[in-house]
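structure08.csv, holding CSV, C-alpha atoms (C1' of nucleotides):
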```
chain,number,residue,atom,x,y,z
X,81,MET,CA,-7.4,-27.9,-16.9
X,82,ARG,CA,-10.3,-28.0,-14.3
X,83,ILE,CA,-9.4,-27.5,-10.7
X,84,ALA,CA,-11.9,-28.1,-7.9
X,85,THR,CA,-11.5,-27.3,-4.2
X,86,TRP,CA,-13.7,-29.0,-1.6
X,87,ASN,CA,-13.7,-29.1,2.2
X,88,VAL,CA,-15.0,-32.7,2.5
X,89,ASN,CA,-15.3,-32.7,6.4
X,90,GLY,CA,-13.7,-36.1,6.9
X,91,ILE,CA,-12.4,-38.2,3.9
X,92,ARG,CA,-13.4,-41.5,5.4
X,93,ALA,CA,-17.0,-40.4,6.2
X,94,ARG,CA,-17.1,-38.9,2.7
X,95,LEU,CA,-15.4,-41.6,0.7
X,96,GLY,CA,-18.6,-42.7,-1.2
X,97,PRO,CA,-19.6,-39.2,-2.2
X,98,VAL,CA,-16.0,-38.3,-3.1
X,99,THR,CA,-15.4,-41.3,-5.3
X,100,ASP,CA,-18.8,-40.9,-7.0
X,101,TRP,CA,-17.9,-37.3,-7.6
X,102,LEU,CA,-14.4,-38.0,-9.0
X,103,ARG,CA,-16.0,-40.6,-11.4
X,104,ASP,CA,-18.8,-38.4,-12.5
X,105,ARG,CA,-17.1,-34.9,-12.6
X,106,ALA,CA,-13.6,-36.0,-13.3
X,107,PRO,CA,-11.7,-32.9,-12.1
X,108,ASP,CA,-8.1,-32.8,-13.4
X,109,ILE,CA,-7.1,-31.7,-9.9
X,110,ALA,CA,-9.1,-31.9,-6.6
X,111,LEU,CA,-7.9,-30.0,-3.6
X,112,LEU,CA,-9.4,-31.4,-0.4
X,113,GLN,CA,-9.5,-29.9,3.0
X,114,GLU,CA,-10.4,-31.3,6.4
X,115,ILE,CA,-9.5,-34.9,5.5
X,116,LYS,CA,-9.3,-35.4,9.3
X,117,THR,CA,-6.9,-38.3,9.1
X,118,GLN,CA,-3.2,-39.0,9.2
X,119,ASP,CA,-1.4,-39.8,5.9
X,120,ASP,CA,-1.6,-43.6,6.6
X,121,GLY,CA,-5.3,-43.4,7.2
X,122,PHE,CA,-6.1,-41.9,3.9
X,123,PRO,CA,-8.1,-44.2,1.6
X,124,ARG,CA,-5.6,-44.2,-1.2
X,125,GLU,CA,-6.6,-47.3,-3.1
X,126,ALA,CA,-10.2,-46.3,-3.9
X,127,ILE,CA,-9.0,-43.0,-5.2
X,128,ALA,CA,-5.9,-44.2,-7.0
X,129,ALA,CA,-8.1,-46.7,-8.8
X,130,LEU,CA,-9.9,-43.8,-10.5
X,131,GLY,CA,-6.6,-42.6,-12.0
X,132,TYR,CA,-5.5,-40.1,-9.4
X,133,GLU,CA,-2.1,-39.4,-8.0
X,134,ILE,CA,-2.5,-38.6,-4.3
X,135,HIS,CA,-0.4,-36.2,-2.1
X,136,THR,CA,-1.5,-35.7,1.5
X,137,HIS,CA,-0.6,-33.6,4.5
X,138,GLY,CA,-2.6,-35.2,7.2
X,139,GLN,CA,-3.1,-34.9,11.0
X,140,LYS,CA,-4.8,-37.1,13.5
X,141,GLY,CA,-8.5,-36.2,13.9
X,142,PHE,CA,-8.4,-32.6,12.7
X,143,ASN,CA,-7.5,-30.5,9.7
X,144,GLY,CA,-5.5,-32.2,6.9
X,145,VAL,CA,-5.2,-31.3,3.2
X,146,ALA,CA,-4.7,-33.3,0.0
X,147,ILE,CA,-4.0,-32.9,-3.7
X,148,LEU,CA,-5.5,-35.4,-6.1
X,149,SER,CA,-4.4,-35.1,-9.7
X,150,ARG,CA,-4.9,-36.9,-13.0
X,151,LEU,CA,-2.0,-34.8,-14.3
X,152,PRO,CA,1.7,-35.2,-13.4
X,153,VAL,CA,2.6,-33.6,-10.1
X,154,SER,CA,6.1,-32.3,-9.1
X,155,ASP,CA,7.8,-30.2,-6.4
X,156,VAL,CA,5.3,-31.0,-3.5
X,157,MET,CA,5.7,-28.7,-0.5
X,158,ARG,CA,4.0,-29.4,2.8
X,159,GLY,CA,3.2,-26.9,5.6
X,160,LEU,CA,2.9,-23.1,5.4
X,161,PRO,CA,6.3,-21.5,6.0
X,162,GLY,CA,6.9,-18.9,8.7
X,163,ASP,CA,6.4,-20.8,12.0
X,164,GLU,CA,8.4,-24.0,12.7
X,165,ALA,CA,6.3,-24.6,15.9
X,166,ASP,CA,3.0,-24.8,14.0
X,167,GLY,CA,2.0,-28.5,13.8
X,168,GLN,CA,-1.4,-28.0,12.2
X,169,ALA,CA,-1.7,-29.5,8.7
X,170,ARG,CA,-3.3,-26.8,6.7
X,171,TRP,CA,-1.2,-26.3,3.6
X,172,ILE,CA,0.1,-28.4,0.7
X,173,GLU,CA,1.5,-27.0,-2.6
X,174,ALA,CA,2.7,-28.5,-5.8
X,175,THR,CA,3.2,-28.0,-9.5
X,176,VAL,CA,0.7,-29.7,-11.9
X,177,THR,CA,1.4,-29.8,-15.6
X,178,GLY,CA,-1.2,-30.0,-18.3
X,179,THR,CA,-0.5,-28.1,-21.5
X,180,ARG,CA,1.6,-25.9,-19.3
X,181,PRO,CA,2.7,-25.9,-15.6
X,182,VAL,CA,0.5,-24.4,-12.9
X,183,ARG,CA,1.5,-24.0,-9.3
X,184,VAL,CA,-1.4,-25.1,-7.0
X,185,ALA,CA,-1.8,-24.5,-3.3
X,186,CYS,CA,-4.4,-26.3,-1.2
X,187,LEU,CA,-5.2,-24.4,2.1
X,188,TYR,CA,-7.4,-24.8,5.1
X,189,LEU,CA,-7.3,-21.4,6.8
X,190,PRO,CA,-8.0,-21.4,10.6
X,191,ASN,CA,-11.6,-20.8,11.6
X,192,GLY,CA,-10.6,-18.4,14.4
X,193,ASN,CA,-13.7,-18.7,16.7
X,194,PRO,CA,-14.2,-17.7,19.4
X,195,ALA,CA,-13.0,-14.2,18.7
X,196,PRO,CA,-11.4,-12.5,20.4
X,197,GLY,CA,-9.0,-15.0,21.8
X,198,PRO,CA,-6.0,-17.2,21.0
X,199,LYS,CA,-7.7,-19.0,18.1
X,200,TYR,CA,-8.4,-15.7,16.5
X,201,ASP,CA,-4.9,-14.5,17.1
X,202,TYR,CA,-3.7,-17.7,15.4
X,203,LYS,CA,-6.0,-17.1,12.4
X,204,LEU,CA,-4.6,-13.6,11.8
X,205,ALA,CA,-1.0,-14.7,12.3
X,206,TRP,CA,-1.6,-17.5,9.8
X,207,MET,CA,-3.1,-15.0,7.3
X,208,GLU,CA,0.0,-12.9,7.6
X,209,ARG,CA,2.2,-16.0,6.9
X,210,LEU,CA,-0.1,-16.7,3.9
X,211,ARG,CA,0.5,-13.2,2.6
X,212,ALA,CA,4.3,-13.7,2.7
X,213,ARG,CA,3.9,-17.0,0.8
X,214,ALA,CA,1.6,-15.4,-1.7
X,215,ARG,CA,4.1,-12.6,-2.3
X,216,ALA,CA,6.8,-15.2,-3.0
X,217,ILE,CA,4.5,-17.1,-5.4
X,218,LEU,CA,3.5,-13.9,-7.2
X,219,ALA,CA,7.2,-13.0,-7.6
X,220,SER,CA,7.6,-16.0,-9.9
X,221,GLU,CA,5.2,-14.3,-12.4
X,222,ARG,CA,3.8,-17.7,-13.3
X,223,PRO,CA,0.3,-19.1,-13.3
X,224,ALA,CA,-0.7,-20.2,-9.8
X,225,VAL,CA,-3.9,-20.9,-8.0
X,226,LEU,CA,-4.2,-20.6,-4.2
X,227,ALA,CA,-7.5,-22.5,-3.4
X,228,GLY,CA,-9.3,-23.8,-0.4
X,229,ASP,CA,-11.4,-23.1,2.7
X,230,TYR,CA,-10.4,-19.5,3.6
X,231,ASN,CA,-12.9,-19.3,6.4
X,232,VAL,CA,-13.4,-15.7,5.4
X,233,ILE,CA,-16.7,-14.1,4.1
X,234,PRO,CA,-15.1,-11.4,2.0
X,235,THR,CA,-18.1,-9.0,1.7
X,236,PRO,CA,-21.7,-8.7,2.9
X,237,GLN,CA,-22.9,-9.9,-0.5
X,238,ASP,CA,-21.2,-13.2,0.3
X,239,ALA,CA,-23.7,-14.1,3.0
X,240,ARG,CA,-27.4,-14.6,3.0
X,241,ARG,CA,-27.6,-12.9,6.4
X,242,PRO,CA,-24.5,-10.8,6.9
X,243,GLU,CA,-25.8,-9.4,10.2
X,244,ALA,CA,-25.8,-12.9,11.7
X,245,TRP,CA,-22.0,-13.1,11.2
X,246,ALA,CA,-21.1,-9.6,12.5
X,247,GLN,CA,-19.3,-11.0,15.6
X,248,ASP,CA,-18.0,-14.1,13.9
X,249,ALA,CA,-14.3,-14.7,13.1
X,250,LEU,CA,-15.3,-15.4,9.5
X,251,PHE,CA,-16.6,-11.9,9.0
X,252,LEU,CA,-14.9,-9.6,11.6
X,253,PRO,CA,-13.3,-6.5,10.1
X,254,ASP,CA,-9.7,-7.8,10.7
X,255,SER,CA,-10.4,-11.1,8.9
X,256,ARG,CA,-11.9,-9.2,5.9
X,257,ALA,CA,-9.0,-6.7,5.8
X,258,ALA,CA,-6.5,-9.5,5.8
X,259,PHE,CA,-8.3,-11.1,2.9
X,260,ARG,CA,-8.3,-7.8,1.0
X,261,ARG,CA,-4.5,-7.5,1.7
X,262,LEU,CA,-4.1,-10.8,-0.2
X,263,GLU,CA,-6.1,-9.4,-3.1
X,264,HIS,CA,-4.2,-6.1,-3.0
X,265,LEU,CA,-1.0,-8.1,-3.6
X,266,GLY,CA,-2.5,-8.7,-7.1
X,267,LEU,CA,-4.5,-11.9,-6.6
X,268,TYR,CA,-7.9,-12.4,-8.3
X,269,ASP,CA,-10.9,-14.0,-6.7
X,270,ALA,CA,-12.1,-16.3,-9.5
X,271,ILE,CA,-15.8,-16.5,-8.5
X,272,ARG,CA,-15.9,-12.7,-8.0
X,273,LEU,CA,-14.3,-12.2,-11.5
X,274,ARG,CA,-16.9,-14.4,-13.2
X,275,HIS,CA,-19.9,-13.8,-11.0
X,276,PRO,CA,-19.8,-10.2,-9.6
X,277,ASP,CA,-23.5,-10.5,-8.7
X,278,GLY,CA,-23.0,-12.0,-5.2
X,279,GLY,CA,-24.5,-15.1,-3.7
X,280,HIS,CA,-22.7,-18.3,-4.9
X,281,TYR,CA,-22.5,-19.6,-1.4
X,282,THR,CA,-20.1,-22.5,-0.7
X,283,PHE,CA,-21.1,-23.5,2.9
X,284,TRP,CA,-24.3,-24.1,4.8
X,285,ASP,CA,-24.2,-25.1,8.4
X,286,PHE,CA,-25.5,-28.5,9.4
X,287,GLN,CA,-27.6,-26.8,12.1
X,288,ARG,CA,-30.9,-24.8,12.1
X,289,GLY,CA,-31.9,-26.0,8.6
X,290,ALA,CA,-29.4,-23.6,7.0
X,291,TRP,CA,-29.4,-25.5,3.6
X,292,GLU,CA,-33.2,-25.6,3.5
X,293,ARG,CA,-33.3,-21.8,4.1
X,294,ASP,CA,-30.4,-21.1,1.8
X,295,ASP,CA,-28.7,-19.5,4.7
X,296,GLY,CA,-25.3,-19.8,3.2
X,297,ILE,CA,-21.9,-18.1,3.0
X,298,ARG,CA,-19.1,-18.0,0.5
X,299,ILE,CA,-15.9,-18.9,2.2
X,300,ASP,CA,-14.2,-21.4,-0.2
X,301,HIS,CA,-12.1,-19.4,-2.8
X,302,HIS,CA,-9.7,-19.7,-5.6
X,303,LEU,CA,-7.2,-16.8,-5.6
X,304,LEU,CA,-5.3,-16.5,-9.0
X,305,THR,CA,-2.1,-14.8,-9.9
X,306,PRO,CA,-2.4,-12.5,-12.9
X,307,GLN,CA,-0.8,-15.1,-15.1
X,308,ALA,CA,-3.5,-17.7,-14.0
X,309,ALA,CA,-6.3,-15.1,-14.3
X,310,ASP,CA,-5.3,-14.6,-17.9
X,311,LEU,CA,-6.0,-18.3,-18.5
X,312,LEU,CA,-9.3,-18.4,-16.6
X,313,THR,CA,-12.2,-19.5,-18.8
X,314,ASP,CA,-14.8,-20.3,-16.2
X,315,ALA,CA,-15.5,-20.5,-12.5
X,316,TRP,CA,-18.5,-22.0,-10.7
X,317,VAL,CA,-19.9,-23.5,-7.5
X,318,GLU,CA,-21.3,-27.0,-7.5
X,319,ARG,CA,-24.2,-26.1,-5.3
X,320,GLU,CA,-26.3,-29.2,-5.8
X,321,MET,CA,-23.7,-31.3,-3.9
X,322,ARG,CA,-25.1,-29.9,-0.7
X,323,GLY,CA,-28.4,-31.7,-1.3
X,324,GLY,CA,-26.9,-35.1,-2.0
X,325,GLU,CA,-26.4,-38.2,0.2
X,326,ARG,CA,-24.4,-37.6,3.4
X,327,PRO,CA,-23.2,-34.2,2.2
X,328,SER,CA,-20.3,-32.2,3.6
X,329,ASP,CA,-21.3,-28.8,4.9
X,330,HIS,CA,-19.1,-27.3,2.0
X,331,VAL,CA,-19.5,-27.9,-1.7
X,332,PRO,CA,-16.9,-28.0,-4.5
X,333,VAL,CA,-15.8,-24.8,-6.2
X,334,TRP,CA,-14.3,-25.0,-9.6
X,335,VAL,CA,-12.1,-23.1,-12.0
X,336,GLN,CA,-11.3,-23.9,-15.6
X,337,LEU,CA,-8.0,-22.7,-17.0
X,338,ASP,CA,-6.6,-22.8,-20.5
X,339,ALA,CA,-3.6,-24.8,-19.3
J,147,DA,C1',-30.0,-16.4,25.1
J,148,DT,C1',-29.9,-21.1,23.9
J,149,DG,C1',-29.6,-25.0,21.0
J,150,DG,C1',-29.5,-27.0,17.0
J,151,DT,C1',-25.7,-31.1,13.7
J,152,DT,C1',-21.6,-33.6,12.1
J,153,DG,C1',-17.0,-36.1,12.3
J,154,DT,C1',-13.3,-38.1,14.9
J,155,DG,C1',-12.8,-41.6,17.9
J,156,DC,C1',-14.6,-43.1,22.4
J,157,DG,C1',-14.5,-38.1,25.7
J,158,DA,C1',-14.6,-33.9,24.4
J,159,DC,C1',-13.6,-30.7,20.9
J,160,DA,C1',-13.8,-28.4,16.6
J,161,DA,C1',-16.6,-26.4,13.3
```
I need this file expressed as structure tokens, please.
Amino acid sequence: MRIATWNVNGIRARLGPVTDWLRDRAPDIALLQEIKTQDDGFPREAIAALGYEIHTHGQKGFNGVAILSRLPVSDVMRGLPGDEADGQARWIEATVTGTRPVRVACLYLPNGNPAPGPKYDYKLAWMERLRARARAILASERPAVLAGDYNVIPTPQDARRPEAWAQDALFLPDSRAAFRRLEHLGLYDAIRLRHPDGGHYTFWDFQRGAWERDDGIRIDHHLLTPQAADLLTDAWVEREMRGGERPSDHVPVWVQLDA
DNA sequence: ATGGTTGTGCGACAA
């Protein structure tokens, strides 16, 4: 079972690249963030025609997440629990069954800039809700993958120029500490497990020639329960997608599980 | 210090 997460930065603007990618790379499961459309605006036909079941949690103009799967999907849950008043579409979760069932969550963690301020407060509160949900998923003692745009640079080796991010919500000490708290529950960062060398950036800003300078950061992650980590056979970043036609500012990040 | 770019949707705002 191969699972890819990709912040597409607008599914309608990216429909060509996304359908080409689904056809060429054929992920079993694709977890998309920032679809930037309501559910009824999602281009279902073009993607369903490639053999994918589609489950969306959309929002007008901003945010929005989706699960695309060539394998059977069950028990879909929309919205991160813990705040009934939160209307932002940043979480969808489901069970996908290959040779065995895997619980998969697709998340778009708040950016949090500018920090300090209400947006940063929302980010940290959201991460605390994520921790509660992760704890419940871990308690099932089953294979589960929590993947998406975490908007957190976990360590200095995850940025080409860490000093440039010192005051940014993606790298502030409280953001990194909250990410570590997730890991300390017993979740494993798949790219870190397979590639402890650093680099492996997943995002390059559209501005200032960031891609041409390889001025990247690693903010898109797969966090695995121990039962999923036991099944992990590979993890990689599809870096070359950033140089393609009409790219997103993020690239796909993959895991392969023996499941 | 500022401005640089992209997407949504048509004026800002988010990133």
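Within 6 Å of chain X, chain J contributes the residues DG150, DT151 and DT154 of chain J, using all atoms listed in the file.
Contact shell of X:Arg319 at 10 Å (all atoms listed in the file; same-chain neighbours under 6 positions omitted): His280, Tyr281, Thr282, Phe283, His330, Val331, Pro332 and Val333 of chain X.
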Exercise for the section: Write out as a VMD selection string the residues lying within 12 Å of X:Ala219, counting only C-alpha atoms (C1' of nucleotides) and excluding same-chain residues fewer than 2 positions away. Expected result: chain X and resid 212 to 217 221 to 224 265 to 267 305 to 307
How close does stretch 139-205 of chain X get to stretch 233-252 of chain X? List, as CSV, each residue of stretch 139-205 of chain X within 12 Å, its nearest atom pair and the distance in Å to one decimal, counting only C-alpha atoms.
```
residue,atom,partner,partner_atom,distance
X:Leu189,CA,X:Leu250,CA,10.4
X:Pro190,CA,X:Leu250,CA,9.5
X:Asn191,CA,X:Ala249,CA,6.8
X:Gly192,CA,X:Ala249,CA,5.4
X:Asn193,CA,X:Ala249,CA,5.4
X:Pro194,CA,X:Ala249,CA,7.0
X:Ala195,CA,X:Ala249,CA,5.8
X:Pro196,CA,X:Ala249,CA,8.2
X:Gly197,CA,X:Ala249,CA,10.2
X:Pro198,CA,X:Ala249,CA,11.7
X:Lys199,CA,X:Ala249,CA,9.3
X:Tyr200,CA,X:Ala249,CA,6.9
X:Asp201,CA,X:Ala249,CA,10.2
X:Tyr202,CA,X:Ala249,CA,11.3
X:Lys203,CA,X:Ala249,CA,8.7
X:Leu204,CA,X:Ala249,CA,9.8
```
Handout entry: atom CA of X:Leu303 to atom CA of X:Ile271, straight-line distance in Å
Key = 9.1 Å
Dump as a PDB file with C-alpha atoms, in the coordinates of the input all residues having an atom at most 9 Å from (-2.7, -31.2, -13.2), computed in the file's coordinates with all atoms listed in the file.
```
ATOM      1  CA  MET X  81      -7.400 -27.900 -16.900  1.00  0.00           C
ATOM      2  CA  ARG X  82     -10.300 -28.000 -14.300  1.00  0.00           C
ATOM      3  CA  ILE X  83      -9.400 -27.500 -10.700  1.00  0.00           C
ATOM      4  CA  ASP X 108      -8.100 -32.800 -13.400  1.00  0.00           C
ATOM      5  CA  ILE X 109      -7.100 -31.700  -9.900  1.00  0.00           C
ATOM      6  CA  LEU X 148      -5.500 -35.400  -6.100  1.00  0.00           C
ATOM      7  CA  SER X 149      -4.400 -35.100  -9.700  1.00  0.00           C
ATOM      8  CA  ARG X 150      -4.900 -36.900 -13.000  1.00  0.00           C
ATOM      9  CA  LEU X 151      -2.000 -34.800 -14.300  1.00  0.00           C
ATOM     10  CA  PRO X 152       1.700 -35.200 -13.400  1.00  0.00           C
ATOM     11  CA  VAL X 153       2.600 -33.600 -10.100  1.00  0.00           C
ATOM     12  CA  THR X 175       3.200 -28.000  -9.500  1.00  0.00           C
ATOM     13  CA  VAL X 176       0.700 -29.700 -11.900  1.00  0.00           C
ATOM     14  CA  THR X 177       1.400 -29.800 -15.600  1.00  0.00           C
ATOM     15  CA  GLY X 178      -1.200 -30.000 -18.300  1.00  0.00           C
ATOM     16  CA  PRO X 181       2.700 -25.900 -15.600  1.00  0.00           C
ATOM     17  CA  VAL X 182       0.500 -24.400 -12.900  1.00  0.00           C
ATOM     18  CA  VAL X 184      -1.400 -25.100  -7.000  1.00  0.00           C
ATOM     19  CA  ALA X 339      -3.600 -24.800 -19.300  1.00  0.00           C
TER      20      ALA X 339
END
```
Exercise for the section: Please measure the separation of atom CA of X:Leu304 and atom CA of X:Ala227, giving the value in Å to one decimal. Expected result: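 Calculated distance between atom CA of X:Leu304 and atom CA of X:Ala227 is 8.5 Å.
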Could the centre and edge lengths of an axis-aligned box, enclosing all atoms of stretch 148-154 of chain J in the file with 4 Å extra on each side, be given in Å to one decimal as AutoDock Vina command-line options?
```
--center_x -21.6 --center_y -29.6 --center_z 18.0 --size_x 24.6 --size_y 25.0 --size_z 19.8
```
Once you count all atoms listed in the file, which residues end up no further than 10 Å from (-13.5, -46.0, -0.8) in the file's frame, shown as a short mmCIF file (atom, residue, chain, number, x, y, z; two decimals) with C-alpha atoms, in the frame of the given file?
```
data_model
loop_
_atom_site.label_atom_id
_atom_site.label_comp_id
_atom_site.auth_asym_id
_atom_site.auth_seq_id
_atom_site.Cartn_x
_atom_site.Cartn_y
_atom_site.Cartn_z
CA ILE X 91 -12.40 -38.20 3.90
CA ARG X 92 -13.40 -41.50 5.40
CA ALA X 93 -17.00 -40.40 6.20
CA ARG X 94 -17.10 -38.90 2.70
CA LEU X 95 -15.40 -41.60 0.70
CA GLY X 96 -18.60 -42.70 -1.20
CA PRO X 97 -19.60 -39.20 -2.20
CA VAL X 98 -16.00 -38.30 -3.10
CA THR X 99 -15.40 -41.30 -5.30
CA ASP X 100 -18.80 -40.90 -7.00
CA PHE X 122 -6.10 -41.90 3.90
CA PRO X 123 -8.10 -44.20 1.60
CA ARG X 124 -5.60 -44.20 -1.20
CA GLU X 125 -6.60 -47.30 -3.10
CA ALA X 126 -10.20 -46.30 -3.90
CA ILE X 127 -9.00 -43.00 -5.20
CA ALA X 128 -5.90 -44.20 -7.00
CA ALA X 129 -8.10 -46.70 -8.80
#
```
Handout entry: Distance in Å - atom C1' of J:DC156 versus atom CA of X:Ala169
Key = 23.2 Å
Practice task
Considering all atoms listed in the file, return as a list in words whatever protein or nucleic-acid residues lie within 8 Å of X:Leu312, sequence-local ones (same chain, fewer than 3 positions apart) excluded.
Solution key: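 Contacts, in chain order: Ala270, Ala308, Ala309, Ala315, Val335, Gln336, Leu337 and Asp338 of chain X.
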Can you give me N, CA and C atoms for stretch 208-219 of chain X, written as a PDB file, keeping the file's coordinate frame?
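Contents of part_1.pdb, as written:
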```pdb
ATOM      1  N   GLU X 208      -1.155 -13.706   7.915  1.00  0.00           N
ATOM      2  CA  GLU X 208       0.000 -12.900   7.600  1.00  0.00           C
ATOM      3  C   GLU X 208       1.132 -13.803   6.999  1.00  0.00           C
ATOM      4  N   ARG X 209       1.248 -15.046   7.488  1.00  0.00           N
ATOM      5  CA  ARG X 209       2.200 -16.000   6.900  1.00  0.00           C
ATOM      6  C   ARG X 209       1.738 -16.324   5.434  1.00  0.00           C
ATOM      7  N   LEU X 210       0.417 -16.451   5.241  1.00  0.00           N
ATOM      8  CA  LEU X 210      -0.100 -16.700   3.900  1.00  0.00           C
ATOM      9  C   LEU X 210       0.253 -15.563   2.949  1.00  0.00           C
ATOM     10  N   ARG X 211       0.171 -14.338   3.466  1.00  0.00           N
ATOM     11  CA  ARG X 211       0.500 -13.200   2.600  1.00  0.00           C
ATOM     12  C   ARG X 211       1.967 -13.238   2.194  1.00  0.00           C
ATOM     13  N   ALA X 212       2.853 -13.627   3.100  1.00  0.00           N
ATOM     14  CA  ALA X 212       4.300 -13.700   2.700  1.00  0.00           C
ATOM     15  C   ALA X 212       4.478 -14.801   1.676  1.00  0.00           C
ATOM     16  N   ARG X 213       3.792 -15.944   1.834  1.00  0.00           N
ATOM     17  CA  ARG X 213       3.900 -17.000   0.800  1.00  0.00           C
ATOM     18  C   ARG X 213       3.342 -16.579  -0.508  1.00  0.00           C
ATOM     19  N   ALA X 214       2.196 -15.901  -0.466  1.00  0.00           N
ATOM     20  CA  ALA X 214       1.600 -15.400  -1.700  1.00  0.00           C
ATOM     21  C   ALA X 214       2.485 -14.442  -2.435  1.00  0.00           C
ATOM     22  N   ARG X 215       3.140 -13.598  -1.664  1.00  0.00           N
ATOM     23  CA  ARG X 215       4.100 -12.600  -2.300  1.00  0.00           C
ATOM     24  C   ARG X 215       5.190 -13.353  -3.004  1.00  0.00           C
ATOM     25  N   ALA X 216       5.713 -14.414  -2.406  1.00  0.00           N
ATOM     26  CA  ALA X 216       6.800 -15.200  -3.000  1.00  0.00           C
ATOM     27  C   ALA X 216       6.284 -15.867  -4.313  1.00  0.00           C
ATOM     28  N   ILE X 217       5.073 -16.412  -4.246  1.00  0.00           N
ATOM     29  CA  ILE X 217       4.500 -17.100  -5.400  1.00  0.00           C
ATOM     30  C   ILE X 217       4.258 -16.071  -6.542  1.00  0.00           C
ATOM     31  N   LEU X 218       3.741 -14.901  -6.189  1.00  0.00           N
ATOM     32  CA  LEU X 218       3.500 -13.900  -7.200  1.00  0.00           C
ATOM     33  C   LEU X 218       4.804 -13.415  -7.858  1.00  0.00           C
ATOM     34  N   ALA X 219       5.892 -13.427  -7.083  1.00  0.00           N
ATOM     35  CA  ALA X 219       7.200 -13.000  -7.600  1.00  0.00           C
ATOM     36  C   ALA X 219       7.686 -13.877  -8.732  1.00  0.00           C
TER      37      ALA X 219
END
```
